file run17.tsv (TSV, N, CA and C atoms and all ligand atoms)
chain	number	residue	atom	x	y	z
A	1	LYS	N	-25.98	6.59	-1.27
A	1	LYS	CA	-24.74	7.34	-1.57
A	1	LYS	C	-23.80	7.30	-0.35
A	2	LEU	N	-24.38	7.57	0.84
A	2	LEU	CA	-23.57	7.50	2.06
A	2	LEU	C	-23.05	6.07	2.23
A	3	GLY	N	-23.92	5.09	1.94
A	3	GLY	CA	-23.54	3.67	2.03
A	3	GLY	C	-22.38	3.36	1.12
A	4	ASN	N	-22.41	3.87	-0.09
A	4	ASN	CA	-21.32	3.63	-1.04
A	4	ASN	C	-20.01	4.19	-0.53
A	5	GLU	N	-20.07	5.38	0.05
A	5	GLU	CA	-18.84	6.01	0.59
A	5	GLU	C	-18.27	5.18	1.73
A	6	THR	N	-19.16	4.65	2.58
A	6	THR	CA	-18.72	3.82	3.70
A	6	THR	C	-18.04	2.55	3.20
A	7	LEU	N	-18.62	1.93	2.20
A	7	LEU	CA	-18.06	0.70	1.64
A	7	LEU	C	-16.73	0.98	0.95
A	8	LYS	N	-16.66	2.10	0.26
A	8	LYS	CA	-15.42	2.47	-0.44
A	8	LYS	C	-14.29	2.69	0.57
A	9	ALA	N	-14.63	3.35	1.70
A	9	ALA	CA	-13.64	3.62	2.74
A	9	ALA	C	-13.18	2.32	3.40
A	10	GLU	N	-14.14	1.41	3.62
A	10	GLU	CA	-13.82	0.11	4.24
A	10	GLU	C	-12.89	-0.70	3.34
A	11	LEU	N	-13.21	-0.72	2.06
A	11	LEU	CA	-12.35	-1.41	1.09
A	11	LEU	C	-10.97	-0.77	1.07
A	12	GLY	N	-10.92	0.55	1.16
A	12	GLY	CA	-9.65	1.26	1.15
A	12	GLY	C	-8.80	0.89	2.36
A	13	ARG	N	-9.39	0.90	3.55
A	13	ARG	CA	-8.63	0.57	4.76
A	13	ARG	C	-8.11	-0.86	4.72
A	14	ALA	N	-8.95	-1.79	4.28
A	14	ALA	CA	-8.52	-3.20	4.20
A	14	ALA	C	-7.41	-3.35	3.16
A	15	SER	N	-7.55	-2.66	2.05
A	15	SER	CA	-6.56	-2.77	0.96
A	15	SER	C	-5.22	-2.18	1.37
A	16	TRP	N	-5.27	-1.00	2.01
A	16	TRP	CA	-4.01	-0.38	2.45
A	16	TRP	C	-3.31	-1.26	3.47
A	17	LYS	N	-4.10	-1.87	4.35
A	17	LYS	CA	-3.51	-2.74	5.38
A	17	LYS	C	-2.72	-3.88	4.71
A	18	LEU	N	-3.34	-4.55	3.76
A	18	LEU	CA	-2.66	-5.65	3.07
A	18	LEU	C	-1.47	-5.11	2.27
A	19	PHE	N	-1.68	-4.04	1.57
A	19	PHE	CA	-0.65	-3.42	0.73
A	19	PHE	C	0.62	-3.11	1.56
A	20	HIS	N	0.44	-2.39	2.67
A	20	HIS	CA	1.61	-2.00	3.47
A	20	HIS	C	2.22	-3.21	4.19
A	21	THR	N	1.37	-4.17	4.57
A	21	THR	CA	1.91	-5.34	5.28
A	21	THR	C	2.74	-6.20	4.32
A	22	ILE	N	2.31	-6.31	3.08
A	22	ILE	CA	3.11	-7.04	2.08
A	22	ILE	C	4.47	-6.35	1.90
A	23	LEU	N	4.46	-5.04	1.82
A	23	LEU	CA	5.72	-4.31	1.63
A	23	LEU	C	6.63	-4.44	2.86
A	24	ALA	N	6.03	-4.45	4.05
A	24	ALA	CA	6.80	-4.56	5.29
A	24	ALA	C	7.44	-5.95	5.44
A	25	ARG	N	6.88	-6.95	4.73
A	25	ARG	CA	7.37	-8.33	4.81
A	25	ARG	C	8.24	-8.70	3.62
A	26	TYR	N	8.39	-7.79	2.68
A	26	TYR	CA	9.20	-8.04	1.48
A	26	TYR	C	10.66	-8.19	1.92
A	27	PRO	N	11.45	-9.04	1.23
A	27	PRO	CA	12.83	-9.26	1.68
A	27	PRO	C	13.68	-7.98	1.71
A	28	GLU	N	14.62	-7.95	2.64
A	28	GLU	CA	15.58	-6.83	2.72
A	28	GLU	C	16.45	-6.82	1.46
A	29	ALA	N	16.80	-8.01	1.01
A	29	ALA	CA	17.66	-8.14	-0.18
A	29	ALA	C	17.01	-9.12	-1.16
A	30	PRO	N	15.99	-8.64	-1.89
A	30	PRO	CA	15.23	-9.53	-2.79
A	30	PRO	C	16.07	-10.00	-3.98
A	31	ASP	N	15.83	-11.24	-4.40
A	31	ASP	CA	16.49	-11.71	-5.63
A	31	ASP	C	15.61	-11.29	-6.83
A	32	GLU	N	16.08	-11.62	-8.01
A	32	GLU	CA	15.41	-11.19	-9.24
A	32	GLU	C	13.95	-11.67	-9.28
A	33	ASP	N	13.75	-12.92	-8.88
A	33	ASP	CA	12.40	-13.50	-8.90
A	33	ASP	C	11.47	-12.77	-7.93
A	34	GLU	N	11.98	-12.40	-6.76
A	34	GLU	CA	11.18	-11.69	-5.77
A	34	GLU	C	10.84	-10.27	-6.25
A	35	ARG	N	11.80	-9.66	-6.92
A	35	ARG	CA	11.54	-8.31	-7.47
A	35	ARG	C	10.44	-8.37	-8.53
A	36	THR	N	10.55	-9.37	-9.40
A	36	THR	CA	9.55	-9.53	-10.46
A	36	THR	C	8.17	-9.78	-9.85
A	37	ALA	N	8.15	-10.59	-8.78
A	37	ALA	CA	6.87	-10.91	-8.13
A	37	ALA	C	6.22	-9.65	-7.56
A	38	LEU	N	6.99	-8.82	-6.87
A	38	LEU	CA	6.41	-7.60	-6.29
A	38	LEU	C	5.98	-6.63	-7.40
A	39	GLN	N	6.81	-6.52	-8.41
A	39	GLN	CA	6.46	-5.65	-9.55
A	39	GLN	C	5.12	-6.09	-10.15
A	40	SER	N	4.96	-7.39	-10.34
A	40	SER	CA	3.71	-7.93	-10.93
A	40	SER	C	2.54	-7.70	-10.00
A	41	TYR	N	2.76	-7.96	-8.71
A	41	TYR	CA	1.69	-7.79	-7.73
A	41	TYR	C	1.19	-6.34	-7.75
A	42	LEU	N	2.13	-5.41	-7.76
A	42	LEU	CA	1.74	-3.99	-7.71
A	42	LEU	C	1.05	-3.57	-9.00
A	43	HIS	N	1.55	-4.06	-10.12
A	43	HIS	CA	0.94	-3.77	-11.42
A	43	HIS	C	-0.53	-4.24	-11.43
A	44	LEU	N	-0.74	-5.47	-10.94
A	44	LEU	CA	-2.09	-6.03	-10.96
A	44	LEU	C	-2.98	-5.40	-9.88
A	45	PHE	N	-2.38	-5.02	-8.75
A	45	PHE	CA	-3.14	-4.32	-7.70
A	45	PHE	C	-3.74	-3.04	-8.29
A	46	VAL	N	-2.93	-2.29	-8.99
A	46	VAL	CA	-3.40	-1.04	-9.60
A	46	VAL	C	-4.47	-1.35	-10.65
A	47	ARG	N	-4.19	-2.36	-11.48
A	47	ARG	CA	-5.10	-2.65	-12.58
A	47	ARG	C	-6.44	-3.20	-12.09
A	48	LEU	N	-6.41	-4.03	-11.05
A	48	LEU	CA	-7.62	-4.75	-10.63
A	48	LEU	C	-8.31	-4.14	-9.42
A	49	TYR	N	-7.79	-3.04	-8.87
A	49	TYR	CA	-8.42	-2.46	-7.69
A	49	TYR	C	-9.91	-2.22	-7.97
A	50	PRO	N	-10.79	-2.78	-7.13
A	50	PRO	CA	-12.21	-2.84	-7.50
A	50	PRO	C	-12.95	-1.51	-7.64
A	51	CYS	N	-12.47	-0.44	-7.00
A	51	CYS	CA	-13.13	0.87	-7.18
A	51	CYS	C	-12.48	1.52	-8.40
A	52	GLY	N	-13.22	1.56	-9.49
A	52	GLY	CA	-12.66	1.98	-10.77
A	52	GLY	C	-12.09	3.39	-10.77
A	53	GLU	N	-12.81	4.29	-10.10
A	53	GLU	CA	-12.39	5.69	-10.02
A	53	GLU	C	-11.08	5.78	-9.22
A	54	CYS	N	-11.01	5.00	-8.12
A	54	CYS	CA	-9.80	4.98	-7.29
A	54	CYS	C	-8.63	4.41	-8.09
A	55	ALA	N	-8.87	3.33	-8.81
A	55	ALA	CA	-7.82	2.67	-9.58
A	55	ALA	C	-7.26	3.64	-10.62
A	56	GLU	N	-8.13	4.40	-11.24
A	56	GLU	CA	-7.72	5.36	-12.26
A	56	GLU	C	-6.85	6.47	-11.64
A	57	HIS	N	-7.28	6.98	-10.47
A	57	HIS	CA	-6.46	7.99	-9.77
A	57	HIS	C	-5.11	7.41	-9.37
A	58	PHE	N	-5.16	6.19	-8.85
A	58	PHE	CA	-3.94	5.58	-8.34
A	58	PHE	C	-2.96	5.26	-9.47
A	59	ARG	N	-3.48	4.91	-10.63
A	59	ARG	CA	-2.63	4.62	-11.79
A	59	ARG	C	-1.81	5.85	-12.17
A	60	VAL	N	-2.44	7.00	-12.12
A	60	VAL	CA	-1.73	8.25	-12.45
A	60	VAL	C	-0.59	8.49	-11.43
A	61	ILE	N	-0.88	8.23	-10.15
A	61	ILE	CA	0.13	8.41	-9.10
A	61	ILE	C	1.29	7.43	-9.30
A	62	VAL	N	0.96	6.17	-9.58
A	62	VAL	CA	2.01	5.15	-9.73
A	62	VAL	C	2.83	5.36	-11.02
A	63	ASP	N	2.19	5.92	-12.02
A	63	ASP	CA	2.94	6.27	-13.25
A	63	ASP	C	3.99	7.33	-12.92
A	64	LYS	N	3.60	8.25	-12.05
A	64	LYS	CA	4.50	9.35	-11.68
A	64	LYS	C	5.59	8.88	-10.71
A	65	PHE	N	5.23	7.95	-9.82
A	65	PHE	CA	6.17	7.43	-8.82
A	65	PHE	C	6.24	5.91	-8.97
A	66	PRO	N	7.09	5.42	-9.85
A	66	PRO	CA	7.12	3.98	-10.14
A	66	PRO	C	7.53	3.15	-8.91
A	67	PRO	N	6.96	1.94	-8.78
A	67	PRO	CA	7.25	1.08	-7.65
A	67	PRO	C	8.75	0.86	-7.43
A	68	GLN	N	9.15	0.88	-6.17
A	68	GLN	CA	10.55	0.64	-5.79
A	68	GLN	C	10.63	-0.77	-5.21
A	69	VAL	N	11.32	-1.66	-5.90
A	69	VAL	CA	11.33	-3.05	-5.47
A	69	VAL	C	12.74	-3.54	-5.10
A	70	SER	N	13.68	-2.59	-4.93
A	70	SER	CA	15.08	-3.00	-4.70
A	70	SER	C	15.33	-3.53	-3.29
A	71	SER	N	14.50	-3.14	-2.31
A	71	SER	CA	14.68	-3.63	-0.94
A	71	SER	C	13.40	-3.39	-0.16
A	72	ARG	N	13.32	-4.04	1.01
A	72	ARG	CA	12.16	-3.83	1.88
A	72	ARG	C	11.97	-2.36	2.21
A	73	SER	N	13.05	-1.68	2.64
A	73	SER	CA	12.86	-0.29	3.07
A	73	SER	C	12.48	0.60	1.90
A	74	ALA	N	13.07	0.36	0.74
A	74	ALA	CA	12.71	1.17	-0.44
A	74	ALA	C	11.23	0.95	-0.79
A	75	ALA	N	10.79	-0.30	-0.74
A	75	ALA	CA	9.40	-0.62	-1.10
A	75	ALA	C	8.43	-0.02	-0.07
A	76	ALA	N	8.77	-0.14	1.22
A	76	ALA	CA	7.88	0.35	2.28
A	76	ALA	C	7.75	1.87	2.22
A	77	VAL	N	8.86	2.55	1.99
A	77	VAL	CA	8.82	4.02	1.92
A	77	VAL	C	8.06	4.46	0.66
A	78	TRP	N	8.28	3.74	-0.43
A	78	TRP	CA	7.52	4.04	-1.66
A	78	TRP	C	6.02	3.90	-1.40
A	79	GLY	N	5.62	2.80	-0.75
A	79	GLY	CA	4.20	2.54	-0.48
A	79	GLY	C	3.60	3.64	0.38
A	80	CYS	N	4.38	4.07	1.37
A	80	CYS	CA	3.94	5.14	2.25
A	80	CYS	C	3.76	6.43	1.45
A	81	HIS	N	4.70	6.67	0.57
A	81	HIS	CA	4.64	7.89	-0.24
A	81	HIS	C	3.41	7.92	-1.16
A	82	VAL	N	3.15	6.83	-1.85
A	82	VAL	CA	2.01	6.85	-2.78
A	82	VAL	C	0.68	6.89	-2.02
A	83	HIS	N	0.64	6.27	-0.83
A	83	HIS	CA	-0.57	6.38	0.00
A	83	HIS	C	-0.75	7.85	0.43
A	84	ASN	N	0.36	8.51	0.76
A	84	ASN	CA	0.26	9.94	1.11
A	84	ASN	C	-0.25	10.77	-0.06
A	85	GLU	N	0.11	10.39	-1.28
A	85	GLU	CA	-0.41	11.11	-2.45
A	85	GLU	C	-1.93	10.98	-2.51
A	86	VAL	N	-2.43	9.77	-2.20
A	86	VAL	CA	-3.89	9.56	-2.16
A	86	VAL	C	-4.47	10.38	-1.01
A	87	ASN	N	-3.81	10.35	0.16
A	87	ASN	CA	-4.29	11.14	1.31
A	87	ASN	C	-4.41	12.62	0.94
A	88	LYS	N	-3.40	13.13	0.27
A	88	LYS	CA	-3.43	14.55	-0.12
A	88	LYS	C	-4.62	14.84	-1.02
A	89	SER	N	-4.85	13.96	-1.99
A	89	SER	CA	-5.94	14.23	-2.94
A	89	SER	C	-7.30	14.16	-2.24
A	90	LEU	N	-7.36	13.45	-1.10
A	90	LEU	CA	-8.63	13.34	-0.35
A	90	LEU	C	-8.65	14.29	0.85
A	91	ASN	N	-7.66	15.19	0.93
A	91	ASN	CA	-7.54	16.13	2.05
A	91	ASN	C	-7.42	15.43	3.40
A	92	LYS	N	-6.68	14.33	3.42
A	92	LYS	CA	-6.42	13.61	4.67
A	92	LYS	C	-5.04	13.96	5.17
A	93	GLU	N	-4.82	13.63	6.45
A	93	GLU	CA	-3.50	13.86	7.05
A	93	GLU	C	-2.44	13.03	6.35
A	94	VAL	N	-1.23	13.60	6.26
A	94	VAL	CA	-0.11	12.89	5.68
A	94	VAL	C	0.57	12.07	6.79
A	95	PHE	N	0.91	10.83	6.47
A	95	PHE	CA	1.52	9.90	7.43
A	95	PHE	C	3.03	10.13	7.47
A	96	ASP	N	3.62	10.00	8.66
A	96	ASP	CA	5.08	10.16	8.78
A	96	ASP	C	5.77	8.85	8.37
A	97	CYS	N	6.38	8.86	7.19
A	97	CYS	CA	6.94	7.63	6.63
A	97	CYS	C	8.19	7.15	7.37
A	98	ALA	N	8.76	7.99	8.23
A	98	ALA	CA	9.94	7.57	9.00
A	98	ALA	C	9.57	6.48	10.02
A	99	THR	N	8.27	6.40	10.37
A	99	THR	CA	7.85	5.42	11.39
A	99	THR	C	7.21	4.18	10.77
A	100	ILE	N	7.28	4.07	9.45
A	100	ILE	CA	6.59	2.98	8.74
A	100	ILE	C	7.14	1.60	9.15
A	101	GLY	N	8.43	1.56	9.49
A	101	GLY	CA	9.09	0.30	9.84
A	101	GLY	C	8.38	-0.52	10.88
A	102	GLU	N	7.97	0.11	11.99
A	102	GLU	CA	7.35	-0.65	13.10
A	102	GLU	C	5.84	-0.77	12.95
A	103	PHE	N	5.25	0.03	12.08
A	103	PHE	CA	3.79	0.16	12.06
A	103	PHE	C	3.06	-1.08	11.53
A	104	TYR	N	3.60	-1.71	10.52
A	104	TYR	CA	2.90	-2.84	9.88
A	104	TYR	C	3.53	-4.16	10.27
A	105	ASP	N	2.99	-4.75	11.34
A	105	ASP	CA	3.48	-6.01	11.87
A	105	ASP	C	2.35	-7.02	11.69
A	106	CYS	N	2.61	-8.08	10.95
A	106	CYS	CA	1.54	-9.06	10.73
A	106	CYS	C	1.52	-10.13	11.81
A	107	GLY	N	2.46	-10.05	12.76
A	107	GLY	CA	2.53	-11.10	13.77
A	107	GLY	C	3.12	-12.38	13.22
A	108	CYS	N	3.88	-12.26	12.14
A	108	CYS	CA	4.45	-13.45	11.48
A	108	CYS	C	5.94	-13.58	11.74
A	109	ALA	N	6.47	-12.85	12.70
A	109	ALA	CA	7.92	-12.86	12.95
A	109	ALA	C	8.41	-14.27	13.25
A	110	GLU	N	7.58	-15.09	13.91
A	110	GLU	CA	7.96	-16.47	14.22
A	110	GLU	C	8.21	-17.27	12.94
A	111	ASP	N	7.33	-17.08	11.96
A	111	ASP	CA	7.47	-17.79	10.67
A	111	ASP	C	8.82	-17.46	10.06
A	112	GLU	N	9.14	-16.17	10.12
A	112	GLU	CA	10.36	-15.70	9.48
A	112	GLU	C	11.58	-16.38	10.12
A	113	LYS	N	11.57	-16.42	11.46
A	113	LYS	CA	12.68	-17.02	12.21
A	113	LYS	C	12.87	-18.47	11.81
A	114	GLU	N	11.74	-19.19	11.67
A	114	GLU	CA	11.82	-20.62	11.41
A	114	GLU	C	11.84	-20.94	9.92
A	115	GLY	N	11.77	-19.90	9.10
A	115	GLY	CA	11.86	-20.12	7.65
A	115	GLY	C	10.69	-20.85	7.04
A	116	VAL	N	9.50	-20.69	7.62
A	116	VAL	CA	8.33	-21.34	7.05
A	116	VAL	C	7.26	-20.31	6.67
A	117	ALA	N	7.68	-19.16	6.17
A	117	ALA	CA	6.76	-18.10	5.77
A	117	ALA	C	5.77	-18.66	4.76
A	201	LIG	P1	-6.78	5.12	5.05
A	201	LIG	O1	-6.25	6.09	4.06
A	201	LIG	O2	-7.62	3.99	4.58
A	201	LIG	O3	-5.58	4.58	5.92
A	201	LIG	C1	-5.75	3.51	6.85
A	201	LIG	C2	-4.69	3.64	7.92
A	201	LIG	O4	-3.41	3.54	7.31
A	201	LIG	C3	-4.67	4.98	8.61
A	201	LIG	O5	-5.58	5.02	9.66
A	201	LIG	C4	-3.24	5.11	9.06
A	201	LIG	O6	-3.04	4.36	10.26
A	201	LIG	C5	-2.49	4.39	7.96
A	201	LIG	N1	-1.90	5.30	6.97
A	201	LIG	C6	-2.35	6.50	6.53
A	201	LIG	N2	-1.54	7.00	5.62
A	201	LIG	C7	-0.55	6.12	5.46
A	201	LIG	C8	0.62	6.09	4.64
A	201	LIG	N3	0.92	7.08	3.80
A	201	LIG	N4	1.43	5.01	4.73
A	201	LIG	C9	1.15	4.02	5.57
A	201	LIG	N5	0.08	3.98	6.37
A	201	LIG	C10	-0.77	5.02	6.31
A	201	LIG	N6	-11.07	6.86	-1.80
A	201	LIG	C11	-11.72	7.83	-2.50
A	201	LIG	O7	-12.68	8.36	-2.01
A	201	LIG	N7	-11.25	8.21	-3.74
A	201	LIG	C12	-10.17	7.63	-4.33
A	201	LIG	O8	-9.79	7.98	-5.45
A	201	LIG	C13	-9.49	6.60	-3.62
A	201	LIG	N8	-8.43	5.96	-4.16
A	201	LIG	C14	-7.87	4.90	-3.51
A	201	LIG	C15	-6.85	4.17	-4.12
A	201	LIG	C16	-6.32	3.06	-3.51
A	201	LIG	C17	-5.24	2.26	-4.20
A	201	LIG	C18	-6.78	2.65	-2.23
A	201	LIG	C19	-6.21	1.42	-1.56
A	201	LIG	C20	-7.79	3.37	-1.62
A	201	LIG	C21	-8.35	4.49	-2.24
A	201	LIG	N9	-9.37	5.22	-1.64
A	201	LIG	C22	-9.99	6.23	-2.33
A	201	LIG	C23	-9.76	4.95	-0.24
A	201	LIG	C24	-9.01	5.89	0.70
A	201	LIG	O9	-7.62	5.90	0.43
A	201	LIG	C25	-9.15	5.47	2.17
A	201	LIG	O10	-8.78	4.11	2.33
A	201	LIG	C26	-10.55	5.66	2.74
A	201	LIG	O11	-11.00	6.96	2.47
A	201	LIG	C27	-10.54	5.43	4.27
A	201	LIG	O12	-9.67	6.39	4.83
A	201	LIG	P2	-9.11	6.39	6.29
A	201	LIG	O13	-9.09	7.82	6.73
A	201	LIG	O14	-9.83	5.42	7.15
A	201	LIG	O15	-7.58	5.94	6.19
call {"tool": "encode", "arguments": {"input": "run17.tsv", "output": "structure tokens"}}
result
Amino acid sequence: KLGNETLKAELGRASWKLFHTILARYPEAPDEDERTALQSYLHLFVRLYPCGECAEHFRVIVDKFPPQVSSRSAAAVWGCHVHNEVNKSLNKEVFDCATIGEFYDCGCAEDEKEGVA
């Protein structure tokens, strides 16, 4: 049982890292295709998240707070907000979403500059 909790937490940390990093790298001014891609990714992330109980909880949260795909900052703040909803339900500290901008850096800034993301 303790082992399961440890694995669930590890999966959660890895998933949140990828989730927030994707949102931090989303275009500032996405075109229609990019918006559709993020919408689909988030839909499938919720649907396929491997911890079934977590996925079910998260689906309720995302139904209440639909994904914001209009810009990088809107998406990043939305992601921070829904993660905070999960934090609240687990009695964890709430993250300050005003600092989300600098927090998720994948070290890919060079790619962006050279246009080979
Ligand atoms: P995590 O919540 O994993 O956060 C990792 C790091 O992200 C933190 O250390 C902090 O630096 C940063 N962070 C924290 N809050 C935010 C925020 N709001 N925005 C941006 N960055 C932030 N576990 C359960 O037991 N029950 C569940 O129902 C459940 N549902 C989940 C649903 C999803 C979609 C995901 C991805 C995970 C879920 N988890 C659930 C796992 C849980 O959210 C944690 O990942 C796990 O408990 C480990 O917590 P942690 O304290 O290490 O920090």
call {"tool": "residues_near_ligand", "arguments": {"input": "run17.tsv", "ligand": "ligand LIG 201 (chain A)", "cutoff": "6.5 Å", "atoms": "all atoms listed in the file", "output": "ChimeraX atom specification"}}
result
/A:8-17,20,53-55,57-58,79-87,93-97,100
call {"tool": "atom_distance", "arguments": {"input": "run17.tsv", "atom1": "atom N of Ala24 of chain A", "atom2": "atom N of Ala74 of chain A"}}
result
9.1 Å
call {"tool": "residues_near_point", "arguments": {"input": "run17.tsv", "point": "(2.3, -3.4, -7.8)", "cutoff": "12 Å", "atoms": "only C-alpha atoms", "output": "VMD selection string"}}
result
chain A and resid 19 to 20 22 to 23 35 to 49 55 58 to 59 62 to 63 65 to 69 75 78 to 79 82
call {"tool": "select_by_dssp", "arguments": {"input": "run17.tsv", "residues": "chain A", "states": "helix (DSSP H, G or I)", "output": "VMD selection string"}}
result
chain A and resid 2 to 25 32 to 48 52 to 64 72 to 89 97 to 103 109 to 114
call {"tool": "atom_distance", "arguments": {"input": "run17.tsv", "atom1": "atom CA of Asp33 of chain A", "atom2": "atom CA of Cys106 of chain A"}}
result
22.9 Å
call {"tool": "closest_residue", "arguments": {"input": "run17.tsv", "among": "A:Asn4, A:Gly101, A:Cys51, A:Gly107", "to": "Ala76 of chain A", "atoms": "only N, CA and C atoms"}}
result
A:Gly101
call {"tool": "atom_distance", "arguments": {"input": "run17.tsv", "atom1": "atom CA of Cys108 of chain A", "atom2": "atom CA of Thr21 of chain A"}}
result
10.5 Å
call {"tool": "closest_residue", "arguments": {"input": "run17.tsv", "among": "A:Pro30, A:Val77, A:Asn91, A:Lys64", "to": "Phe103 of chain A", "atoms": "only C-alpha atoms"}}
result
A:Val77
